[in-house]
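Notes for the one structure printed next.
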Amino acid sequence: MDPSHPTDGAEDSRAERLAEFLARTRSAPGPEVASCPDPGLLAGFAEGRLVAREQVGVEEHLARCDACRVAVLEFARDRADPSLAEPVAAGTAPARILRTWRFAIPAAAAILVAALVVHGLTRASGPSGTEEALVASARDLAAARPDLFRDFRPLRRGEEFAPALAPKRGALALHAPAGKVLDTKPGFRWETVPGVARWRVFLRTDDGELLWSADTSETSLAFPADRPELRAGTRYIWEASGEGPLGPEGSRRAFDVASTDERRAFEEAGREIDFRAPKALRPLLRAHLAMRKGLYAAAADEAARSLRADPTDAVGRETLAAAERALGLGDAVSEDR
């Protein structure tokens, strides 16, 4: 300790206080004890003073160490109001803890502790736990950045969305682009039809002006590199057609390119989610935010990313299904819409 540093004494005192909570919380040494962070580091986490690298390391430890997690919760509560002397029991429901002293903790620490609680205590508790974690994280994001998340609500279970624009105008199902997209040079995908050897793809403006056409033998086409990117905030119509054994096959579909402001806001919100939310929840939060913004393709991509990390997550599966239905890929989509 540097005796000339005016905050060293205070930091030592905080570390000693958190060490007391740890001693009371840990009735018997567990497998994590040897790797537990220094009490000063835990105190810094609870107060929101850590740099990103330190914070990630402490989050990962607290997610698996019940004793350190409870000690941090007790420390943060005690720091906000020392009169709250009742110990926090291991495994206490996070909603009850946060209701008790959520608004007494400084804002930065409240966000960190809330994220920690929902990550460590609800991640493994099934769909309802994941839903609670999403709601808690959304609430904390809104508190930290109301300009980006003021009206953000994660999807409710079973919530339905009308298909984005017309999923099918013709006999052929066109998969992407659809709805509102962020990419100004999106790729094109459509269903396979046996016997069609060659496809032609057309892209038009909303009033019917042909921008370009291209041929392919696949059922997908990258945006031609030599064509200019699409205009933000504009609607387009695309079409795929080919000759099959039973005659012509084809369909057309509309999509919108997000405006510059919509794209900028969504990207900034994504950065805030990556900075503030528990790592395991980030793709799902981005997926739910994308659904609320009408960015159904982005929502499907994020939900699929979440499922790759945790294939057993029911909420991730439901989110992906909702995004696909909104894109017109579900079984109950009307072709007349």
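By order in the structure tokens, chains are A, B, ...; within a chain, residues start at 1; ligands start at 1, following the order shown.
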
Determine, using only C-alpha atoms, which residues of stretch 236-259 of chain A have any atom at most 10 Å from an atom of stretch 263-269 of chain A, and tabulate each with its shortest atom pair and distance in Å to one decimal place, rows ordered by chain and then rising number, as CSV.
```
residue,atom,partner,partner_atom,distance
A:Val257,CA,A:Arg263,CA,9.3
A:Ala258,CA,A:Arg263,CA,6.1
A:Ser259,CA,A:Arg263,CA,6.2
```

Close residues, A:Ser306 itself excluded, 9 Å, only C-alpha atoms, min 5 positions apart in chain, as a list in words: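 With the cut-off at 9 Å, the set is Ala280, Leu281, Arg282, Pro283, Leu284, Ala287, Asp301, Pro311, Asp313, Gly316 and Arg317 of chain A.
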
Residues from last step as file, all heavy atoms, as a PDB file, in the first residue's frame:
```pdb
ATOM      1  N   ALA A 280     -24.083 -14.547 -21.187  1.00  0.00           N
ATOM      2  CA  ALA A 280     -24.971 -15.591 -21.697  1.00  0.00           C
ATOM      3  C   ALA A 280     -26.278 -15.051 -22.249  1.00  0.00           C
ATOM      4  O   ALA A 280     -26.930 -15.701 -23.061  1.00  0.00           O
ATOM      5  CB  ALA A 280     -25.253 -16.615 -20.588  1.00  0.00           C
ATOM      6  N   LEU A 281     -26.681 -13.857 -21.805  1.00  0.00           N
ATOM      7  CA  LEU A 281     -27.955 -13.283 -22.238  1.00  0.00           C
ATOM      8  C   LEU A 281     -27.839 -12.349 -23.431  1.00  0.00           C
ATOM      9  O   LEU A 281     -28.858 -11.946 -24.006  1.00  0.00           O
ATOM     10  CB  LEU A 281     -28.604 -12.516 -21.080  1.00  0.00           C
ATOM     11  CG  LEU A 281     -29.129 -13.326 -19.901  1.00  0.00           C
ATOM     12  CD1 LEU A 281     -29.699 -12.386 -18.849  1.00  0.00           C
ATOM     13  CD2 LEU A 281     -30.177 -14.332 -20.341  1.00  0.00           C
ATOM     14  N   ARG A 282     -26.647 -11.985 -23.820  1.00  0.00           N
ATOM     15  CA  ARG A 282     -26.484 -10.924 -24.818  1.00  0.00           C
ATOM     16  C   ARG A 282     -27.140 -11.240 -26.162  1.00  0.00           C
ATOM     17  O   ARG A 282     -27.878 -10.393 -26.690  1.00  0.00           O
ATOM     18  CB  ARG A 282     -24.993 -10.616 -24.997  1.00  0.00           C
ATOM     19  CG  ARG A 282     -24.378  -9.950 -23.770  1.00  0.00           C
ATOM     20  CD  ARG A 282     -22.870  -9.881 -23.860  1.00  0.00           C
ATOM     21  NE  ARG A 282     -22.284  -9.463 -22.579  1.00  0.00           N
ATOM     22  CZ  ARG A 282     -20.997  -9.502 -22.309  1.00  0.00           C
ATOM     23  NH1 ARG A 282     -20.134  -9.920 -23.227  1.00  0.00           N
ATOM     24  NH2 ARG A 282     -20.552  -9.131 -21.120  1.00  0.00           N
ATOM     25  N   PRO A 283     -26.913 -12.434 -26.760  1.00  0.00           N
ATOM     26  CA  PRO A 283     -27.575 -12.689 -28.050  1.00  0.00           C
ATOM     27  C   PRO A 283     -29.098 -12.661 -27.944  1.00  0.00           C
ATOM     28  O   PRO A 283     -29.775 -12.141 -28.834  1.00  0.00           O
ATOM     29  CB  PRO A 283     -27.052 -14.081 -28.440  1.00  0.00           C
ATOM     30  CG  PRO A 283     -25.785 -14.257 -27.692  1.00  0.00           C
ATOM     31  CD  PRO A 283     -26.001 -13.529 -26.393  1.00  0.00           C
ATOM     32  N   LEU A 284     -29.643 -13.207 -26.842  1.00  0.00           N
ATOM     33  CA  LEU A 284     -31.097 -13.203 -26.675  1.00  0.00           C
ATOM     34  C   LEU A 284     -31.636 -11.782 -26.514  1.00  0.00           C
ATOM     35  O   LEU A 284     -32.691 -11.443 -27.056  1.00  0.00           O
ATOM     36  CB  LEU A 284     -31.495 -14.053 -25.462  1.00  0.00           C
ATOM     37  CG  LEU A 284     -31.847 -15.520 -25.728  1.00  0.00           C
ATOM     38  CD1 LEU A 284     -32.279 -16.188 -24.433  1.00  0.00           C
ATOM     39  CD2 LEU A 284     -32.928 -15.646 -26.789  1.00  0.00           C
ATOM     40  N   ALA A 287     -31.680 -10.293 -29.824  1.00  0.00           N
ATOM     41  CA  ALA A 287     -32.761 -10.881 -30.625  1.00  0.00           C
ATOM     42  C   ALA A 287     -34.104 -10.271 -30.259  1.00  0.00           C
ATOM     43  O   ALA A 287     -34.904  -9.922 -31.136  1.00  0.00           O
ATOM     44  CB  ALA A 287     -32.792 -12.401 -30.422  1.00  0.00           C
ATOM     45  N   ASP A 301     -30.973 -14.355 -36.588  1.00  0.00           N
ATOM     46  CA  ASP A 301     -29.531 -14.612 -36.506  1.00  0.00           C
ATOM     47  C   ASP A 301     -29.063 -14.642 -35.051  1.00  0.00           C
ATOM     48  O   ASP A 301     -28.283 -15.513 -34.653  1.00  0.00           O
ATOM     49  CB  ASP A 301     -28.766 -13.535 -37.273  1.00  0.00           C
ATOM     50  CG  ASP A 301     -28.934 -13.653 -38.780  1.00  0.00           C
ATOM     51  OD1 ASP A 301     -29.363 -14.722 -39.252  1.00  0.00           O
ATOM     52  OD2 ASP A 301     -28.639 -12.662 -39.483  1.00  0.00           O
ATOM     53  N   PRO A 311     -27.984 -25.147 -26.739  1.00  0.00           N
ATOM     54  CA  PRO A 311     -29.036 -25.785 -27.537  1.00  0.00           C
ATOM     55  C   PRO A 311     -30.254 -26.209 -26.731  1.00  0.00           C
ATOM     56  O   PRO A 311     -31.313 -26.485 -27.316  1.00  0.00           O
ATOM     57  CB  PRO A 311     -28.324 -26.999 -28.149  1.00  0.00           C
ATOM     58  CG  PRO A 311     -26.866 -26.695 -28.055  1.00  0.00           C
ATOM     59  CD  PRO A 311     -26.707 -25.867 -26.814  1.00  0.00           C
ATOM     60  N   ASP A 313     -31.814 -24.382 -24.432  1.00  0.00           N
ATOM     61  CA  ASP A 313     -32.570 -23.239 -23.908  1.00  0.00           C
ATOM     62  C   ASP A 313     -33.914 -23.097 -24.619  1.00  0.00           C
ATOM     63  O   ASP A 313     -33.967 -22.759 -25.813  1.00  0.00           O
ATOM     64  CB  ASP A 313     -31.744 -21.959 -24.063  1.00  0.00           C
ATOM     65  CG  ASP A 313     -32.461 -20.745 -23.489  1.00  0.00           C
ATOM     66  OD1 ASP A 313     -33.273 -20.927 -22.565  1.00  0.00           O
ATOM     67  OD2 ASP A 313     -32.218 -19.628 -23.968  1.00  0.00           O
ATOM     68  N   GLY A 316     -34.606 -19.583 -26.069  1.00  0.00           N
ATOM     69  CA  GLY A 316     -33.911 -19.367 -27.330  1.00  0.00           C
ATOM     70  C   GLY A 316     -34.654 -20.001 -28.493  1.00  0.00           C
ATOM     71  O   GLY A 316     -34.784 -19.391 -29.569  1.00  0.00           O
ATOM     72  N   ARG A 317     -35.162 -21.212 -28.288  1.00  0.00           N
ATOM     73  CA  ARG A 317     -35.915 -21.883 -29.356  1.00  0.00           C
ATOM     74  C   ARG A 317     -37.197 -21.118 -29.671  1.00  0.00           C
ATOM     75  O   ARG A 317     -37.568 -20.945 -30.840  1.00  0.00           O
ATOM     76  CB  ARG A 317     -36.256 -23.317 -28.943  1.00  0.00           C
ATOM     77  CG  ARG A 317     -35.054 -24.254 -28.902  1.00  0.00           C
ATOM     78  CD  ARG A 317     -35.481 -25.705 -28.874  1.00  0.00           C
ATOM     79  NE  ARG A 317     -36.342 -26.010 -27.736  1.00  0.00           N
ATOM     80  CZ  ARG A 317     -35.883 -26.391 -26.550  1.00  0.00           C
ATOM     81  NH1 ARG A 317     -34.579 -26.500 -26.346  1.00  0.00           N
ATOM     82  NH2 ARG A 317     -36.715 -26.674 -25.570  1.00  0.00           N
TER      83      ARG A 317
END
```

Quick one: which stretch 284-328 of chain A residues come within 12 Å of stretch 183-202 of chain A, and what is the nearest atom pair for each with the distance in Å to one decimal, counting only C-alpha atoms, rows ordered by chain and ascending number, as CSV?
```
residue,atom,partner,partner_atom,distance
A:Leu295,CA,A:Asp183,CA,10.7
A:Ala297,CA,A:Asp183,CA,10.2
A:Ala298,CA,A:Asp183,CA,9.6
A:Gly328,CA,A:Trp190,CA,12.0
```

Interatomic distance, atom CA of A:Ala67 to atom CA of A:Phe45 (Å, one decimal): 15.0 Å

For A:Glu131, list every protein, DNA or RNA residue within 9 Å, evaluated using only C-alpha atoms, and leave out those in the same chain fewer than 6 positions away; present the list as a list in words. Pro154, Leu155, Arg156, Arg157 and Val315 of chain A

Restricted to C-alpha atoms, what would the selected residues look like written as a PDB file, in the first residue's frame?
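Below is the file out20.pdb, written as the result:
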```
ATOM      1  CA  PRO A 154     -38.532  -8.728 -24.018  1.00  0.00           C
ATOM      2  CA  LEU A 155     -41.057 -10.911 -25.834  1.00  0.00           C
ATOM      3  CA  ARG A 156     -43.704 -12.570 -23.737  1.00  0.00           C
ATOM      4  CA  ARG A 157     -44.087 -16.320 -24.081  1.00  0.00           C
ATOM      5  CA  VAL A 315     -36.509 -19.442 -24.580  1.00  0.00           C
TER       6      VAL A 315
END
```

What's the separation between atom CA of A:Glu74 and atom CA of A:Glu47, in Å to one decimal place?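 These two atoms are separated by 12.3 Å.
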
Looking only at the backbone, which of the residues in stretch 298-330 of chain A does DSSP tag as helix (DSSP H, G or I), as a list of chain:residue names? A:Ala298, A:Ala299, A:Ala300, A:Asp301, A:Glu302, A:Ala303, A:Ala304, A:Arg305, A:Ser306, A:Leu307, A:Arg308, A:Ala309, A:Ala314, A:Val315, A:Gly316, A:Arg317, A:Glu318, A:Thr319, A:Leu320, A:Ala321, A:Ala322, A:Ala323, A:Glu324, A:Arg325, A:Ala326

Of the candidates A:Ala277, A:Ala15, A:Ala321, A:Ala314, which one gets nearest to A:Ala144 if we count only C-alpha atoms? A:Ala277

Skipping near chain neighbours, those fewer than 6 positions away, what residues fall within 10 Å of A:Trp212 using only C-alpha atoms, listed as a PyMOL selection string? chain A and resi 201-204+224+227+238

To one decimal place, how far is atom CA of A:Ser13 from atom CA of A:Glu54 in Å?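 So the two atoms, atom CA of A:Ser13 and atom CA of A:Glu54, lie 20.1 Å apart.
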
What's around A:Leu148 at 12 Å? Count only C-alpha atoms, leave out sequence neighbours fewer than 3 positions away in its own chain, and write the answer as JSON, numbers by chain. {"A": [138, 139, 140, 141, 142, 143, 144, 145, 151, 152, 153, 261, 262, 264, 265, 266, 267, 268, 269, 270, 271, 272, 273, 289, 293]}

As a ChimeraX atom specification, please: the residues near A:Arg17 (cut-off 9 Å, only C-alpha atoms, same-chain neighbours under 5 positions excluded). /A:12,22,39,43,75

Counting only C-alpha atoms, which residue out of A:Ala303, A:Gly179, A:Ala173, A:Glu218 sits closest to A:Glu249?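 Using only C-alpha atoms, the shortest distance to A:Glu249 belongs to A:Ala173.
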
Got a sec: who's within 7 Å of A:Tyr296, counting only C-alpha atoms, leaving out chain neighbours fewer than 5 positions off, as a PyMOL selection string? chain A and resi 179-180+290-291+323+326-327

Grab the residues selected above and save them as a PDB file, in the first residue's frame with all heavy atoms.
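Okay, part-v7.pdb is ready:
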```pdb
ATOM      1  N   GLY A 179     -38.889  -8.424 -44.513  1.00  0.00           N
ATOM      2  CA  GLY A 179     -39.091  -7.511 -43.397  1.00  0.00           C
ATOM      3  C   GLY A 179     -38.172  -6.316 -43.529  1.00  0.00           C
ATOM      4  O   GLY A 179     -37.963  -5.778 -44.611  1.00  0.00           O
ATOM      5  N   LYS A 180     -37.574  -5.902 -42.411  1.00  0.00           N
ATOM      6  CA  LYS A 180     -36.633  -4.779 -42.406  1.00  0.00           C
ATOM      7  C   LYS A 180     -35.243  -5.333 -42.179  1.00  0.00           C
ATOM      8  O   LYS A 180     -35.028  -6.122 -41.262  1.00  0.00           O
ATOM      9  CB  LYS A 180     -37.000  -3.774 -41.319  1.00  0.00           C
ATOM     10  CG  LYS A 180     -36.172  -2.497 -41.333  1.00  0.00           C
ATOM     11  CD  LYS A 180     -36.629  -1.537 -40.249  1.00  0.00           C
ATOM     12  CE  LYS A 180     -38.032  -1.025 -40.548  1.00  0.00           C
ATOM     13  NZ  LYS A 180     -38.474  -0.029 -39.529  1.00  0.00           N
ATOM     14  N   ALA A 290     -34.276  -6.748 -31.518  1.00  0.00           N
ATOM     15  CA  ALA A 290     -34.476  -6.738 -32.972  1.00  0.00           C
ATOM     16  C   ALA A 290     -35.932  -7.032 -33.325  1.00  0.00           C
ATOM     17  O   ALA A 290     -36.503  -6.420 -34.233  1.00  0.00           O
ATOM     18  CB  ALA A 290     -33.550  -7.752 -33.638  1.00  0.00           C
ATOM     19  N   MET A 291     -36.557  -7.949 -32.602  1.00  0.00           N
ATOM     20  CA  MET A 291     -37.977  -8.240 -32.855  1.00  0.00           C
ATOM     21  C   MET A 291     -38.819  -6.998 -32.621  1.00  0.00           C
ATOM     22  O   MET A 291     -39.724  -6.682 -33.406  1.00  0.00           O
ATOM     23  CB  MET A 291     -38.447  -9.378 -31.956  1.00  0.00           C
ATOM     24  CG  MET A 291     -37.890 -10.746 -32.307  1.00  0.00           C
ATOM     25  SD  MET A 291     -38.468 -11.368 -33.905  1.00  0.00           S
ATOM     26  CE  MET A 291     -40.198 -11.710 -33.539  1.00  0.00           C
ATOM     27  N   ALA A 323     -39.192 -15.340 -34.571  1.00  0.00           N
ATOM     28  CA  ALA A 323     -38.560 -14.579 -35.647  1.00  0.00           C
ATOM     29  C   ALA A 323     -38.863 -15.207 -37.005  1.00  0.00           C
ATOM     30  O   ALA A 323     -39.151 -14.506 -37.982  1.00  0.00           O
ATOM     31  CB  ALA A 323     -37.053 -14.505 -35.418  1.00  0.00           C
ATOM     32  N   ALA A 326     -42.354 -14.477 -38.013  1.00  0.00           N
ATOM     33  CA  ALA A 326     -42.474 -13.097 -38.460  1.00  0.00           C
ATOM     34  C   ALA A 326     -41.909 -12.906 -39.864  1.00  0.00           C
ATOM     35  O   ALA A 326     -42.362 -12.051 -40.616  1.00  0.00           O
ATOM     36  CB  ALA A 326     -41.756 -12.171 -37.478  1.00  0.00           C
ATOM     37  N   LEU A 327     -40.921 -13.722 -40.216  1.00  0.00           N
ATOM     38  CA  LEU A 327     -40.355 -13.667 -41.553  1.00  0.00           C
ATOM     39  C   LEU A 327     -41.218 -14.392 -42.593  1.00  0.00           C
ATOM     40  O   LEU A 327     -40.939 -14.348 -43.772  1.00  0.00           O
ATOM     41  CB  LEU A 327     -38.962 -14.279 -41.565  1.00  0.00           C
ATOM     42  CG  LEU A 327     -37.857 -13.429 -40.910  1.00  0.00           C
ATOM     43  CD1 LEU A 327     -36.595 -14.255 -40.731  1.00  0.00           C
ATOM     44  CD2 LEU A 327     -37.583 -12.178 -41.725  1.00  0.00           C
TER      45      LEU A 327
END
```

Nearest residue to A:Ala214 out of A:Ala19, A:Ala240, A:Ala232, A:Cys68, using only C-alpha atoms?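 Of A:Ala19, A:Ala240, A:Ala232, A:Cys68, the one nearest A:Ala214, counting only C-alpha atoms, is A:Ala240.
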